[in-house]
$ cat coords.cif   # mmCIF, C-alpha atoms
data_input
loop_
_atom_site.group_PDB
_atom_site.id
_atom_site.type_symbol
_atom_site.label_atom_id
_atom_site.label_comp_id
_atom_site.auth_asym_id
_atom_site.auth_seq_id
_atom_site.Cartn_x
_atom_site.Cartn_y
_atom_site.Cartn_z
ATOM 1 C CA MET E 1 -56.620 23.073 -10.520
ATOM 2 C CA GLY E 2 -59.671 21.304 -11.971
ATOM 3 C CA GLY E 3 -62.811 20.470 -10.067
ATOM 4 C CA ALA E 4 -61.936 16.765 -9.762
ATOM 5 C CA ALA E 5 -58.425 17.549 -8.534
ATOM 6 C CA ALA E 6 -59.806 20.035 -6.004
ATOM 7 C CA LEU E 7 -62.196 17.438 -4.635
ATOM 8 C CA GLU E 8 -59.390 14.880 -4.405
ATOM 9 C CA LYS E 9 -57.328 17.357 -2.386
ATOM 10 C CA LEU E 10 -60.273 17.983 -0.071
ATOM 11 C CA LEU E 11 -61.163 14.323 0.477
ATOM 12 C CA PRO E 12 -59.047 14.003 3.682
ATOM 13 C CA VAL E 13 -60.596 17.239 4.974
ATOM 14 C CA LEU E 14 -64.107 15.959 4.299
ATOM 15 C CA LEU E 15 -63.296 12.577 5.836
ATOM 16 C CA ALA E 16 -62.010 13.999 9.148
ATOM 17 C CA PHE E 17 -64.682 16.694 9.357
ATOM 18 C CA GLY E 18 -67.537 14.466 8.197
ATOM 19 C CA GLY E 19 -66.483 11.706 10.571
ATOM 20 C CA GLY E 20 -66.844 14.089 13.490
ATOM 21 C CA VAL E 21 -70.264 15.249 12.316
ATOM 22 C CA LEU E 22 -71.507 11.687 11.765
ATOM 23 C CA LEU E 23 -70.270 10.358 15.101
ATOM 24 C CA ALA E 24 -71.775 13.311 16.961
ATOM 25 C CA ARG E 25 -75.123 13.029 15.164
ATOM 26 C CA ARG E 26 -75.267 9.280 15.881
ATOM 27 C CA LYS E 27 -74.210 10.006 19.475
ATOM 28 C CA ILE E 28 -71.401 7.487 19.192
ATOM 29 C CA VAL E 29 -68.968 10.132 20.402
ATOM 30 C CA PRO E 30 -70.537 12.867 22.554
ATOM 31 C CA ALA E 31 -70.404 16.328 21.001
ATOM 32 C CA GLU E 32 -69.108 17.644 24.319
ATOM 33 C CA ALA E 33 -65.882 15.726 23.666
ATOM 34 C CA SER E 34 -65.083 18.257 20.943
ATOM 35 C CA LYS E 35 -63.645 20.550 23.606
ATOM 36 C CA ALA E 36 -61.064 17.962 24.645
ATOM 37 C CA PHE E 37 -60.036 17.373 21.026
ATOM 38 C CA SER E 38 -60.020 21.131 20.351
ATOM 39 C CA ASP E 39 -57.900 21.821 23.419
ATOM 40 C CA TYR E 40 -55.400 19.165 22.364
ATOM 41 C CA ALA E 41 -55.146 20.667 18.872
ATOM 42 C CA PHE E 42 -55.121 24.320 19.950
ATOM 43 C CA LEU E 43 -52.921 24.058 23.036
ATOM 44 C CA PHE E 44 -50.493 21.354 21.962
ATOM 45 C CA ALA E 45 -50.565 19.841 18.456
ATOM 46 C CA VAL E 46 -50.842 23.031 16.377
ATOM 47 C CA PRO E 47 -48.181 24.886 18.440
ATOM 48 C CA CYS E 48 -45.834 21.892 17.965
ATOM 49 C CA TYR E 49 -46.471 21.992 14.226
ATOM 50 C CA LEU E 50 -45.942 25.754 14.044
ATOM 51 C CA PHE E 51 -42.736 25.723 16.067
ATOM 52 C CA GLY E 52 -41.021 22.996 14.074
ATOM 53 C CA ASN E 53 -41.996 24.362 10.685
ATOM 54 C CA ILE E 54 -41.158 27.989 11.433
ATOM 55 C CA TYR E 55 -37.799 26.999 12.925
ATOM 56 C CA ALA E 56 -36.919 25.078 9.762
ATOM 57 C CA SER E 57 -38.296 27.698 7.338
ATOM 58 C CA ASP E 58 -36.557 30.317 5.255
ATOM 59 C CA LEU E 59 -37.907 33.398 7.024
ATOM 60 C CA GLY E 60 -36.975 35.636 4.116
ATOM 61 C CA ALA E 61 -39.344 33.705 1.853
ATOM 62 C CA LEU E 62 -41.904 33.155 4.599
ATOM 63 C CA PHE E 63 -42.361 36.830 5.451
ATOM 64 C CA ASP E 64 -43.227 38.325 2.075
ATOM 65 C CA TRP E 65 -43.869 41.874 3.202
ATOM 66 C CA ARG E 66 -45.732 42.877 0.045
ATOM 67 C CA ALA E 67 -48.141 39.969 0.551
ATOM 68 C CA ILE E 68 -48.518 40.655 4.277
ATOM 69 C CA GLY E 69 -49.020 44.369 3.627
ATOM 70 C CA GLY E 70 -51.656 43.639 1.004
ATOM 71 C CA TYR E 71 -53.559 41.324 3.319
ATOM 72 C CA ALA E 72 -53.317 43.858 6.167
ATOM 73 C CA ALA E 73 -54.715 46.570 3.891
ATOM 74 C CA ALA E 74 -57.573 44.329 2.749
ATOM 75 C CA ALA E 75 -58.354 43.386 6.361
ATOM 76 C CA ALA E 76 -58.266 47.041 7.472
ATOM 77 C CA LEU E 77 -60.673 48.004 4.696
ATOM 78 C CA ALA E 78 -62.913 45.079 5.634
ATOM 79 C CA VAL E 79 -62.911 46.191 9.289
ATOM 80 C CA VAL E 80 -64.035 49.680 8.260
ATOM 81 C CA LEU E 81 -66.768 48.317 5.981
ATOM 82 C CA VAL E 82 -68.193 45.922 8.574
ATOM 83 C CA ALA E 83 -68.039 48.522 11.354
ATOM 84 C CA ALA E 84 -69.702 51.161 9.175
ATOM 85 C CA ALA E 85 -72.434 48.738 8.100
ATOM 86 C CA SER E 86 -73.044 47.759 11.736
ATOM 87 C CA VAL E 87 -73.382 51.372 12.849
ATOM 88 C CA ALA E 88 -75.658 52.084 9.890
ATOM 89 C CA ASN E 89 -77.774 49.151 11.063
ATOM 90 C CA SER E 90 -78.243 50.895 14.433
ATOM 91 C CA VAL E 91 -75.623 48.852 16.291
ATOM 92 C CA ARG E 92 -74.135 51.267 18.835
ATOM 93 C CA ASP E 93 -72.597 49.072 21.541
ATOM 94 C CA PRO E 94 -68.788 48.903 20.908
ATOM 95 C CA ARG E 95 -68.831 45.251 21.970
ATOM 96 C CA ALA E 96 -71.499 44.405 19.415
ATOM 97 C CA VAL E 97 -69.611 46.258 16.675
ATOM 98 C CA ALA E 98 -66.391 44.425 17.611
ATOM 99 C CA LEU E 99 -68.235 41.097 17.513
ATOM 100 C CA ARG E 100 -69.442 41.751 13.968
ATOM 101 C CA VAL E 101 -66.002 42.909 12.853
ATOM 102 C CA MET E 102 -64.464 39.708 14.183
ATOM 103 C CA GLY E 103 -67.183 37.606 12.549
ATOM 104 C CA GLY E 104 -66.699 39.256 9.173
ATOM 105 C CA VAL E 105 -62.911 39.632 9.011
ATOM 106 C CA GLN E 106 -61.056 37.164 11.220
ATOM 107 C CA VAL E 107 -60.459 33.644 9.932
ATOM 108 C CA ASN E 108 -60.296 30.220 11.543
ATOM 109 C CA THR E 109 -56.589 29.454 11.293
ATOM 110 C CA ALA E 110 -55.887 26.698 13.822
ATOM 111 C CA TYR E 111 -58.935 24.486 13.263
ATOM 112 C CA PHE E 112 -59.606 25.071 9.571
ATOM 113 C CA ALA E 113 -56.856 26.866 7.630
ATOM 114 C CA VAL E 114 -53.938 24.802 8.971
ATOM 115 C CA PRO E 115 -55.448 21.408 8.039
ATOM 116 C CA VAL E 116 -56.696 22.684 4.671
ATOM 117 C CA PHE E 117 -53.309 24.177 3.745
ATOM 118 C CA ILE E 118 -51.454 21.039 4.839
ATOM 119 C CA THR E 119 -53.779 18.921 2.697
ATOM 120 C CA VAL E 120 -53.761 21.175 -0.364
ATOM 121 C CA PHE E 121 -50.243 22.647 -0.364
ATOM 122 C CA GLY E 122 -48.362 20.182 1.826
ATOM 123 C CA THR E 123 -47.470 22.949 4.279
ATOM 124 C CA ALA E 124 -49.175 25.539 6.450
ATOM 125 C CA ALA E 125 -46.137 27.855 6.436
ATOM 126 C CA PRO E 126 -47.880 30.692 4.519
ATOM 127 C CA ILE E 127 -50.374 30.961 7.372
ATOM 128 C CA PHE E 128 -47.753 31.842 9.996
ATOM 129 C CA PRO E 129 -47.274 35.575 9.230
ATOM 130 C CA ILE E 130 -51.010 36.104 8.749
ATOM 131 C CA LEU E 131 -51.679 34.246 11.996
ATOM 132 C CA LEU E 132 -49.340 36.612 13.844
ATOM 133 C CA PHE E 133 -50.973 39.630 12.195
ATOM 134 C CA GLN E 134 -54.421 38.390 13.115
ATOM 135 C CA VAL E 135 -53.537 37.665 16.740
ATOM 136 C CA CYS E 136 -51.263 40.644 17.363
ATOM 137 C CA VAL E 137 -53.277 43.281 15.455
ATOM 138 C CA LEU E 138 -56.846 42.274 14.585
ATOM 139 C CA SER E 139 -57.505 40.495 17.870
ATOM 140 C CA LEU E 140 -56.150 43.464 19.804
ATOM 141 C CA VAL E 141 -58.579 45.772 18.017
ATOM 142 C CA VAL E 142 -61.474 43.473 18.898
ATOM 143 C CA ILE E 143 -60.303 43.015 22.497
ATOM 144 C CA SER E 144 -59.841 46.753 22.939
ATOM 145 C CA LEU E 145 -63.385 47.490 21.790
ATOM 146 C CA MET E 146 -64.774 44.645 23.912
ATOM 147 C CA GLU E 147 -62.951 45.768 27.040
ATOM 148 C CA LEU E 148 -63.709 49.462 26.616
ATOM 149 C CA GLY E 149 -67.384 48.715 26.058
ATOM 150 C CA ARG E 150 -67.663 46.329 28.976
ATOM 151 C CA ALA E 151 -70.192 47.316 31.609
ATOM 152 C CA GLY E 152 -70.580 46.479 35.291
ATOM 153 C CA PRO E 153 -68.154 46.204 38.178
ATOM 154 C CA THR E 154 -64.757 44.839 37.201
ATOM 155 C CA ALA E 155 -61.378 44.482 38.825
ATOM 156 C CA GLY E 156 -59.482 47.622 37.870
ATOM 157 C CA GLY E 157 -60.198 50.328 35.352
ATOM 158 C CA PRO E 158 -60.349 50.068 31.555
ATOM 159 C CA GLY E 159 -56.561 50.411 31.260
ATOM 160 C CA ARG E 160 -55.854 47.478 33.538
ATOM 161 C CA ARG E 161 -58.545 45.331 31.938
ATOM 162 C CA LEU E 162 -57.197 46.143 28.483
ATOM 163 C CA SER E 163 -53.594 45.363 29.447
ATOM 164 C CA ARG E 164 -54.631 42.006 30.909
ATOM 165 C CA ALA E 165 -56.564 41.133 27.761
ATOM 166 C CA VAL E 166 -53.675 42.155 25.518
ATOM 167 C CA GLY E 167 -51.247 40.123 27.620
ATOM 168 C CA ALA E 168 -53.485 37.081 27.460
ATOM 169 C CA SER E 169 -53.767 37.422 23.676
ATOM 170 C CA LEU E 170 -50.011 37.630 23.160
ATOM 171 C CA THR E 171 -49.232 34.669 25.417
ATOM 172 C CA THR E 172 -51.418 32.050 23.756
ATOM 173 C CA PRO E 173 -49.587 28.814 22.802
ATOM 174 C CA LEU E 174 -50.007 29.638 19.095
ATOM 175 C CA VAL E 175 -48.265 33.007 19.376
ATOM 176 C CA LEU E 176 -45.583 31.747 21.753
ATOM 177 C CA SER E 177 -44.727 28.821 19.481
ATOM 178 C CA CYS E 178 -44.522 31.103 16.425
ATOM 179 C CA ASN E 179 -42.306 33.626 18.234
ATOM 180 C CA ALA E 180 -40.085 30.865 19.664
ATOM 181 C CA GLY E 181 -39.591 29.366 16.213
ATOM 182 C CA ILE E 182 -38.781 32.772 14.710
ATOM 183 C CA LEU E 183 -36.362 33.727 17.504
ATOM 184 C CA LEU E 184 -34.434 30.447 17.467
ATOM 185 C CA ASN E 185 -34.320 30.565 13.672
ATOM 186 C CA LEU E 186 -32.921 34.108 13.623
ATOM 187 C CA LEU E 187 -30.364 33.335 16.346
ATOM 188 C CA SER E 188 -29.369 30.097 14.592
ATOM 189 C CA VAL E 189 -29.821 28.203 17.851
ATOM 190 C CA HIS E 190 -29.357 24.466 17.402
ATOM 191 C CA VAL E 191 -32.467 22.550 18.427
ATOM 192 C CA PRO E 192 -31.780 18.820 18.891
ATOM 193 C CA ALA E 193 -33.195 16.605 16.174
ATOM 194 C CA VAL E 194 -35.055 14.520 18.748
ATOM 195 C CA VAL E 195 -36.983 17.632 19.827
ATOM 196 C CA LEU E 196 -37.877 18.549 16.246
ATOM 197 C CA ASP E 197 -38.859 14.956 15.484
ATOM 198 C CA GLY E 198 -41.087 14.901 18.554
ATOM 199 C CA ALA E 199 -42.702 18.190 17.567
ATOM 200 C CA ALA E 200 -43.270 16.861 14.042
ATOM 201 C CA PHE E 201 -44.795 13.641 15.375
ATOM 202 C CA VAL E 202 -47.293 15.558 17.534
ATOM 203 C CA GLY E 203 -47.812 18.254 14.900
ATOM 204 C CA ASP E 204 -48.831 15.712 12.266
ATOM 205 C CA SER E 205 -51.924 14.983 14.356
ATOM 206 C CA ALA E 206 -53.016 18.642 14.403
ATOM 207 C CA SER E 207 -54.804 18.622 11.057
ATOM 208 C CA PRO E 208 -57.108 15.569 11.453
ATOM 209 C CA VAL E 209 -57.785 16.172 15.159
ATOM 210 C CA ALA E 210 -58.709 19.832 14.597
ATOM 211 C CA LEU E 211 -61.098 18.951 11.774
ATOM 212 C CA PHE E 212 -62.577 16.046 13.732
ATOM 213 C CA ALA E 213 -63.158 18.344 16.725
ATOM 214 C CA LEU E 214 -64.864 20.911 14.517
ATOM 215 C CA GLY E 215 -67.065 18.185 13.043
ATOM 216 C CA LEU E 216 -68.058 16.980 16.514
ATOM 217 C CA HIS E 217 -68.859 20.536 17.571
ATOM 218 C CA LEU E 218 -71.010 21.312 14.540
ATOM 219 C CA GLY E 219 -72.643 17.874 14.547
ATOM 220 C CA GLY E 220 -73.759 18.406 18.124
ATOM 221 C CA LEU E 221 -75.129 21.902 17.625
ATOM 222 C CA GLY E 222 -76.936 21.259 14.360
ATOM 223 C CA LEU E 223 -77.748 23.787 11.638
ATOM 224 C CA ASP E 224 -80.832 26.014 11.756
ATOM 225 C CA VAL E 225 -81.127 27.394 8.221
ATOM 226 C CA ARG E 226 -84.681 28.720 8.502
ATOM 227 C CA GLY E 227 -83.813 30.909 11.475
ATOM 228 C CA THR E 228 -81.088 32.813 9.615
ATOM 229 C CA THR E 229 -81.639 36.579 9.906
ATOM 230 C CA ARG E 230 -80.850 39.204 7.273
ATOM 231 C CA GLU E 231 -77.930 40.443 9.347
ATOM 232 C CA GLU E 232 -76.506 36.916 9.539
ATOM 233 C CA LEU E 233 -76.904 36.510 5.786
ATOM 234 C CA ALA E 234 -75.093 39.799 5.178
ATOM 235 C CA LEU E 235 -72.198 38.849 7.475
ATOM 236 C CA LEU E 236 -71.952 35.360 5.979
ATOM 237 C CA ALA E 237 -71.937 36.757 2.441
ATOM 238 C CA PHE E 238 -69.229 39.245 3.386
ATOM 239 C CA LYS E 239 -67.077 36.660 5.174
ATOM 240 C CA CYS E 240 -67.358 33.847 2.653
ATOM 241 C CA LEU E 241 -67.537 35.802 -0.618
ATOM 242 C CA ALA E 242 -66.836 39.533 -0.333
ATOM 243 C CA PHE E 243 -63.747 39.325 1.881
ATOM 244 C CA PRO E 244 -61.884 36.806 -0.355
ATOM 245 C CA LEU E 245 -62.747 38.893 -3.420
ATOM 246 C CA LEU E 246 -61.672 42.074 -1.627
ATOM 247 C CA THR E 247 -58.387 40.377 -0.688
ATOM 248 C CA TRP E 248 -57.851 39.339 -4.293
ATOM 249 C CA ALA E 249 -58.506 42.875 -5.553
ATOM 250 C CA VAL E 250 -56.376 44.697 -2.967
ATOM 251 C CA CYS E 251 -53.467 42.238 -2.948
ATOM 252 C CA GLY E 252 -53.437 41.516 -6.673
ATOM 253 C CA MET E 253 -54.317 44.896 -8.172
ATOM 254 C CA LEU E 254 -53.021 47.404 -5.634
ATOM 255 C CA PHE E 255 -50.036 45.565 -4.131
ATOM 256 C CA GLY E 256 -49.025 43.525 -7.161
ATOM 257 C CA VAL E 257 -49.023 40.177 -5.349
ATOM 258 C CA ARG E 258 -48.840 37.343 -7.850
ATOM 259 C CA GLY E 259 -48.502 33.575 -8.058
ATOM 260 C CA ASP E 260 -48.633 31.309 -5.045
ATOM 261 C CA TRP E 261 -48.880 34.081 -2.476
ATOM 262 C CA LEU E 262 -52.016 35.525 -4.074
ATOM 263 C CA ALA E 263 -53.590 32.054 -3.975
ATOM 264 C CA TYR E 264 -52.563 31.627 -0.328
ATOM 265 C CA LEU E 265 -54.073 34.960 0.738
ATOM 266 C CA VAL E 266 -57.361 34.560 -1.136
ATOM 267 C CA LEU E 267 -57.818 31.014 0.158
ATOM 268 C CA LEU E 268 -56.959 32.142 3.682
ATOM 269 C CA ALA E 269 -59.515 34.962 3.485
ATOM 270 C CA ALA E 270 -62.105 32.369 2.407
ATOM 271 C CA MET E 271 -61.693 30.444 5.664
ATOM 272 C CA PRO E 272 -64.680 30.578 8.067
ATOM 273 C CA THR E 273 -65.250 32.678 11.155
ATOM 274 C CA PRO E 274 -63.096 31.447 14.067
ATOM 275 C CA GLN E 275 -64.558 29.540 17.013
ATOM 276 C CA ASN E 276 -63.028 32.171 19.285
ATOM 277 C CA LEU E 277 -65.891 34.441 18.263
ATOM 278 C CA PHE E 278 -68.251 32.352 20.389
ATOM 279 C CA ILE E 279 -65.772 32.402 23.287
ATOM 280 C CA PHE E 280 -65.523 36.200 23.089
ATOM 281 C CA ALA E 281 -69.299 36.532 22.910
ATOM 282 C CA GLN E 282 -69.737 34.458 26.051
ATOM 283 C CA ARG E 283 -66.971 36.260 27.923
ATOM 284 C CA TYR E 284 -68.310 39.733 27.164
ATOM 285 C CA ASP E 285 -72.007 38.749 27.201
ATOM 286 C CA VAL E 286 -72.869 40.085 23.755
ATOM 287 C CA GLY E 287 -74.379 38.432 20.668
ATOM 288 C CA VAL E 288 -73.984 34.847 21.884
ATOM 289 C CA ASP E 289 -76.634 33.421 19.548
ATOM 290 C CA LEU E 290 -75.360 35.469 16.602
ATOM 291 C CA SER E 291 -71.786 34.312 17.165
ATOM 292 C CA ALA E 292 -72.731 30.629 17.403
ATOM 293 C CA SER E 293 -74.742 30.890 14.201
ATOM 294 C CA LEU E 294 -71.907 32.611 12.313
ATOM 295 C CA VAL E 295 -69.337 30.045 13.387
ATOM 296 C CA ILE E 296 -71.481 27.080 12.359
ATOM 297 C CA LYS E 297 -72.869 28.449 9.100
ATOM 298 C CA SER E 298 -69.637 30.042 7.877
ATOM 299 C CA SER E 299 -67.843 26.718 8.484
ATOM 300 C CA VAL E 300 -70.367 24.823 6.389
ATOM 301 C CA ILE E 301 -70.433 27.468 3.623
ATOM 302 C CA SER E 302 -66.645 27.721 3.497
ATOM 303 C CA LEU E 303 -66.322 23.953 3.233
ATOM 304 C CA LEU E 304 -68.829 23.880 0.369
ATOM 305 C CA LEU E 305 -67.073 26.745 -1.442
ATOM 306 C CA LEU E 306 -63.544 25.378 -1.036
ATOM 307 C CA PRO E 307 -63.565 23.430 -4.349
ATOM 308 C CA LEU E 308 -64.622 26.628 -6.143
ATOM 309 C CA TRP E 309 -61.858 28.709 -4.551
ATOM 310 C CA LEU E 310 -59.283 26.001 -5.206
ATOM 311 C CA GLN E 311 -60.301 25.762 -8.841
ATOM 312 C CA THR E 312 -60.158 29.555 -9.149
ATOM 313 C CA VAL E 313 -56.944 30.520 -7.361
ATOM 314 C CA VAL E 314 -54.757 27.382 -7.303
ATOM 315 C CA THR E 315 -53.061 26.578 -10.602
#
$ encode --input "coords.cif" --output "structure tokens"
Amino acid sequence: MGGAAALEKLLPVLLAFGGGVLLARRKIVPAEASKAFSDYAFLFAVPCYLFGNIYASDLGALFDWRAIGGYAAAAALAVVLVAAASVANSVRDPRAVALRVMGGVQVNTAYFAVPVFITVFGTAAPIFPILLFQVCVLSLVVISLMELGRAGPTAGGPGRRLSRAVGASLTTPLVLSCNAGILLNLLSVHVPAVVLDGAAFVGDSASPVALFALGLHLGGLGLDVRGTTREELALLAFKCLAFPLLTWAVCGMLFGVRGDWLAYLVLLAAMPTPQNLFIFAQRYDVGVDLSASLVIKSSVISLLLLPLWLQTVVT
């Protein structure tokens, strides 16, 4: 895909995202409204999109186990590298290590990857198995470290706190909609066309609303480039450059992933740090400023690098 074609594909993304930034900066729409738009996308529109598309998908083609295994291996290696670098940088608190792992390895699926994939490929189906892996495996690792490193009086011991966190992670609307679509697909349960049409109607709004919400959020917070620390630079470089390249090397060279799936995985790895990082930081009272900075700056960098990745991996 040439540079001009890549920019044409990204024009709707830039329009929805840039509109949010502009309206927030001009204070036409309050930046605080981003939460309402985000909640609509995260809790309703994206789950509707996921359910309908997974239900109608060929699961055999959707769950390419070589591709999923390659991405899991790349993510596991990335987790080890980020954790080791954090410890070497005198970070000892398990919560702080987990925060950096999440910032360097997890990707923004609902608010960034889904709309980008819909715009570029016409479908977000390749994201589904990676989304489940991220929520059911990577998030559990982060939650476990956060919970086990939590200090102060809490209701119940570490085991109870961990089980509650795991349960909450596995019962998010995104995971429930994915699992419902998979289950009904496997059981060949007939879902009325009116239900699927309704889900498609709502799901079509997920992409622009999610990007608009992200634009509002970032437009309200602003971007402090001069205050970027060396640690932030290292994490941003790893997330936006090293992790996609690592994914390409592990998936392509070690696991033999080729064609469209290699492009999907590399582009997915190039997505920015998820907004949930900031939510986790607030909940566990660790690295709040660092998390906010990573979310904002990785989103901007990833958006700027998207034409390059598209030109490189999408044929």
$ resolve_selection --input "coords.cif" --expression "the PyMOL selection byres ((chain E and resi 81) around 12)" --output "ChimeraX atom specification"
/E:74-80,82-88,97,100-101,104-105,234-235,238-239,242-243,246
$ residues_around --input "coords.cif" --residues "Gly181 (chain E)" --least-positions-apart "2" --cutoff "8 Å" --atoms "only C-alpha atoms" --output "PyMOL selection string"
chain E and resi 50-55+177-179+183-185
$ closest_residue --input "coords.cif" --among "E:Gly215, E:Pro307, E:Pro12, E:Gly203" --to "Ala124 (chain E)" --atoms "all atoms listed in the file"
E:Gly203
$ residues_around --input "coords.cif" --residues "Leu138 (chain E)" --least-positions-apart "3" --cutoff "10 Å" --atoms "all atoms listed in the file" --output "PyMOL selection string"
chain E and resi 72+75-76+79+101-102+105-106+131-135+141-144
$ resolve_selection --input "coords.cif" --expression "the PyMOL selection byres ((chain E and resi 275) around 12)" --output "mmCIF file with C-alpha atoms, in the frame of the given file"
data_model
loop_
_atom_site.group_PDB
_atom_site.id
_atom_site.type_symbol
_atom_site.label_atom_id
_atom_site.label_comp_id
_atom_site.auth_asym_id
_atom_site.auth_seq_id
_atom_site.Cartn_x
_atom_site.Cartn_y
_atom_site.Cartn_z
ATOM 1 C CA SER E 34 -65.083 18.257 20.943
ATOM 2 C CA LYS E 35 -63.645 20.550 23.606
ATOM 3 C CA SER E 38 -60.020 21.131 20.351
ATOM 4 C CA PHE E 42 -55.121 24.320 19.950
ATOM 5 C CA MET E 102 -64.464 39.708 14.183
ATOM 6 C CA GLY E 103 -67.183 37.606 12.549
ATOM 7 C CA GLN E 106 -61.056 37.164 11.220
ATOM 8 C CA VAL E 107 -60.459 33.644 9.932
ATOM 9 C CA ASN E 108 -60.296 30.220 11.543
ATOM 10 C CA THR E 109 -56.589 29.454 11.293
ATOM 11 C CA ALA E 110 -55.887 26.698 13.822
ATOM 12 C CA TYR E 111 -58.935 24.486 13.263
ATOM 13 C CA PHE E 112 -59.606 25.071 9.571
ATOM 14 C CA ALA E 210 -58.709 19.832 14.597
ATOM 15 C CA ALA E 213 -63.158 18.344 16.725
ATOM 16 C CA LEU E 214 -64.864 20.911 14.517
ATOM 17 C CA HIS E 217 -68.859 20.536 17.571
ATOM 18 C CA LEU E 218 -71.010 21.312 14.540
ATOM 19 C CA MET E 271 -61.693 30.444 5.664
ATOM 20 C CA PRO E 272 -64.680 30.578 8.067
ATOM 21 C CA THR E 273 -65.250 32.678 11.155
ATOM 22 C CA PRO E 274 -63.096 31.447 14.067
ATOM 23 C CA ASN E 276 -63.028 32.171 19.285
ATOM 24 C CA LEU E 277 -65.891 34.441 18.263
ATOM 25 C CA PHE E 278 -68.251 32.352 20.389
ATOM 26 C CA ILE E 279 -65.772 32.402 23.287
ATOM 27 C CA PHE E 280 -65.523 36.200 23.089
ATOM 28 C CA ALA E 281 -69.299 36.532 22.910
ATOM 29 C CA GLN E 282 -69.737 34.458 26.051
ATOM 30 C CA VAL E 288 -73.984 34.847 21.884
ATOM 31 C CA SER E 291 -71.786 34.312 17.165
ATOM 32 C CA ALA E 292 -72.731 30.629 17.403
ATOM 33 C CA SER E 293 -74.742 30.890 14.201
ATOM 34 C CA LEU E 294 -71.907 32.611 12.313
ATOM 35 C CA VAL E 295 -69.337 30.045 13.387
ATOM 36 C CA ILE E 296 -71.481 27.080 12.359
ATOM 37 C CA LYS E 297 -72.869 28.449 9.100
ATOM 38 C CA SER E 298 -69.637 30.042 7.877
ATOM 39 C CA SER E 299 -67.843 26.718 8.484
#
$ closest_residue --input "coords.cif" --among "E:Tyr284, E:Pro192, E:Ser163, E:Leu303" --to "Ala96 (chain E)" --atoms "all atoms listed in the file"
E:Tyr284
$ axis_aligned_box --input "coords.cif" --around "region 73-85 of chain E" --padding-each-side "4 Å" --output "JSON"
{"center_x": -63.6, "center_y": 47.3, "center_z": 7.1, "size_x": 25.7, "size_y": 15.8, "size_z": 16.6}
$ closest_residue --input "coords.cif" --among "E:Ala200, E:Val91, E:Leu99, E:Leu22" --to "Met146 (chain E)" --atoms "all atoms listed in the file"
E:Leu99
$ closest_residue --input "coords.cif" --among "E:Leu23, E:Ala61, E:Leu233, E:Ala193" --to "Ile301 (chain E)" --atoms "all atoms listed in the file"
E:Leu233
$ atom_distance --input "coords.cif" --atom1 "CA of Val46 (chain E)" --atom2 "CA of Leu241 (chain E)"
27.0 Å
$ build_atoms --input "coords.cif" --residues "region 76-85 of chain E" --atoms "N, CA, C and O atoms" --output "PDB file, keeping the file's coordinate frame"
ATOM      1  N   ALA E  76     -57.924  45.730   6.909  1.00  0.00           N
ATOM      2  CA  ALA E  76     -58.266  47.041   7.472  1.00  0.00           C
ATOM      3  C   ALA E  76     -59.486  47.632   6.766  1.00  0.00           C
ATOM      4  O   ALA E  76     -60.391  48.182   7.409  1.00  0.00           O
ATOM      5  N   LEU E  77     -59.513  47.514   5.449  1.00  0.00           N
ATOM      6  CA  LEU E  77     -60.673  48.004   4.696  1.00  0.00           C
ATOM      7  C   LEU E  77     -61.927  47.217   5.069  1.00  0.00           C
ATOM      8  O   LEU E  77     -63.019  47.792   5.222  1.00  0.00           O
ATOM      9  N   ALA E  78     -61.774  45.910   5.243  1.00  0.00           N
ATOM     10  CA  ALA E  78     -62.913  45.079   5.634  1.00  0.00           C
ATOM     11  C   ALA E  78     -63.427  45.464   7.017  1.00  0.00           C
ATOM     12  O   ALA E  78     -64.641  45.500   7.255  1.00  0.00           O
ATOM     13  N   VAL E  79     -62.511  45.755   7.949  1.00  0.00           N
ATOM     14  CA  VAL E  79     -62.911  46.191   9.289  1.00  0.00           C
ATOM     15  C   VAL E  79     -63.756  47.459   9.206  1.00  0.00           C
ATOM     16  O   VAL E  79     -64.808  47.572   9.849  1.00  0.00           O
ATOM     17  N   VAL E  80     -63.304  48.417   8.409  1.00  0.00           N
ATOM     18  CA  VAL E  80     -64.035  49.680   8.260  1.00  0.00           C
ATOM     19  C   VAL E  80     -65.419  49.434   7.664  1.00  0.00           C
ATOM     20  O   VAL E  80     -66.426  49.998   8.121  1.00  0.00           O
ATOM     21  N   LEU E  81     -65.492  48.585   6.645  1.00  0.00           N
ATOM     22  CA  LEU E  81     -66.768  48.317   5.981  1.00  0.00           C
ATOM     23  C   LEU E  81     -67.762  47.638   6.924  1.00  0.00           C
ATOM     24  O   LEU E  81     -68.935  48.023   6.986  1.00  0.00           O
ATOM     25  N   VAL E  82     -67.298  46.634   7.653  1.00  0.00           N
ATOM     26  CA  VAL E  82     -68.193  45.922   8.574  1.00  0.00           C
ATOM     27  C   VAL E  82     -68.627  46.843   9.714  1.00  0.00           C
ATOM     28  O   VAL E  82     -69.807  46.857  10.098  1.00  0.00           O
ATOM     29  N   ALA E  83     -67.706  47.607  10.261  1.00  0.00           N
ATOM     30  CA  ALA E  83     -68.039  48.522  11.354  1.00  0.00           C
ATOM     31  C   ALA E  83     -69.034  49.580  10.889  1.00  0.00           C
ATOM     32  O   ALA E  83     -70.013  49.883  11.591  1.00  0.00           O
ATOM     33  N   ALA E  84     -68.798  50.136   9.706  1.00  0.00           N
ATOM     34  CA  ALA E  84     -69.702  51.161   9.175  1.00  0.00           C
ATOM     35  C   ALA E  84     -71.090  50.581   8.917  1.00  0.00           C
ATOM     36  O   ALA E  84     -72.113  51.224   9.220  1.00  0.00           O
ATOM     37  N   ALA E  85     -71.148  49.377   8.361  1.00  0.00           N
ATOM     38  CA  ALA E  85     -72.434  48.738   8.100  1.00  0.00           C
ATOM     39  C   ALA E  85     -73.169  48.434   9.405  1.00  0.00           C
ATOM     40  O   ALA E  85     -74.397  48.586   9.489  1.00  0.00           O
TER      41      ALA E  85
END
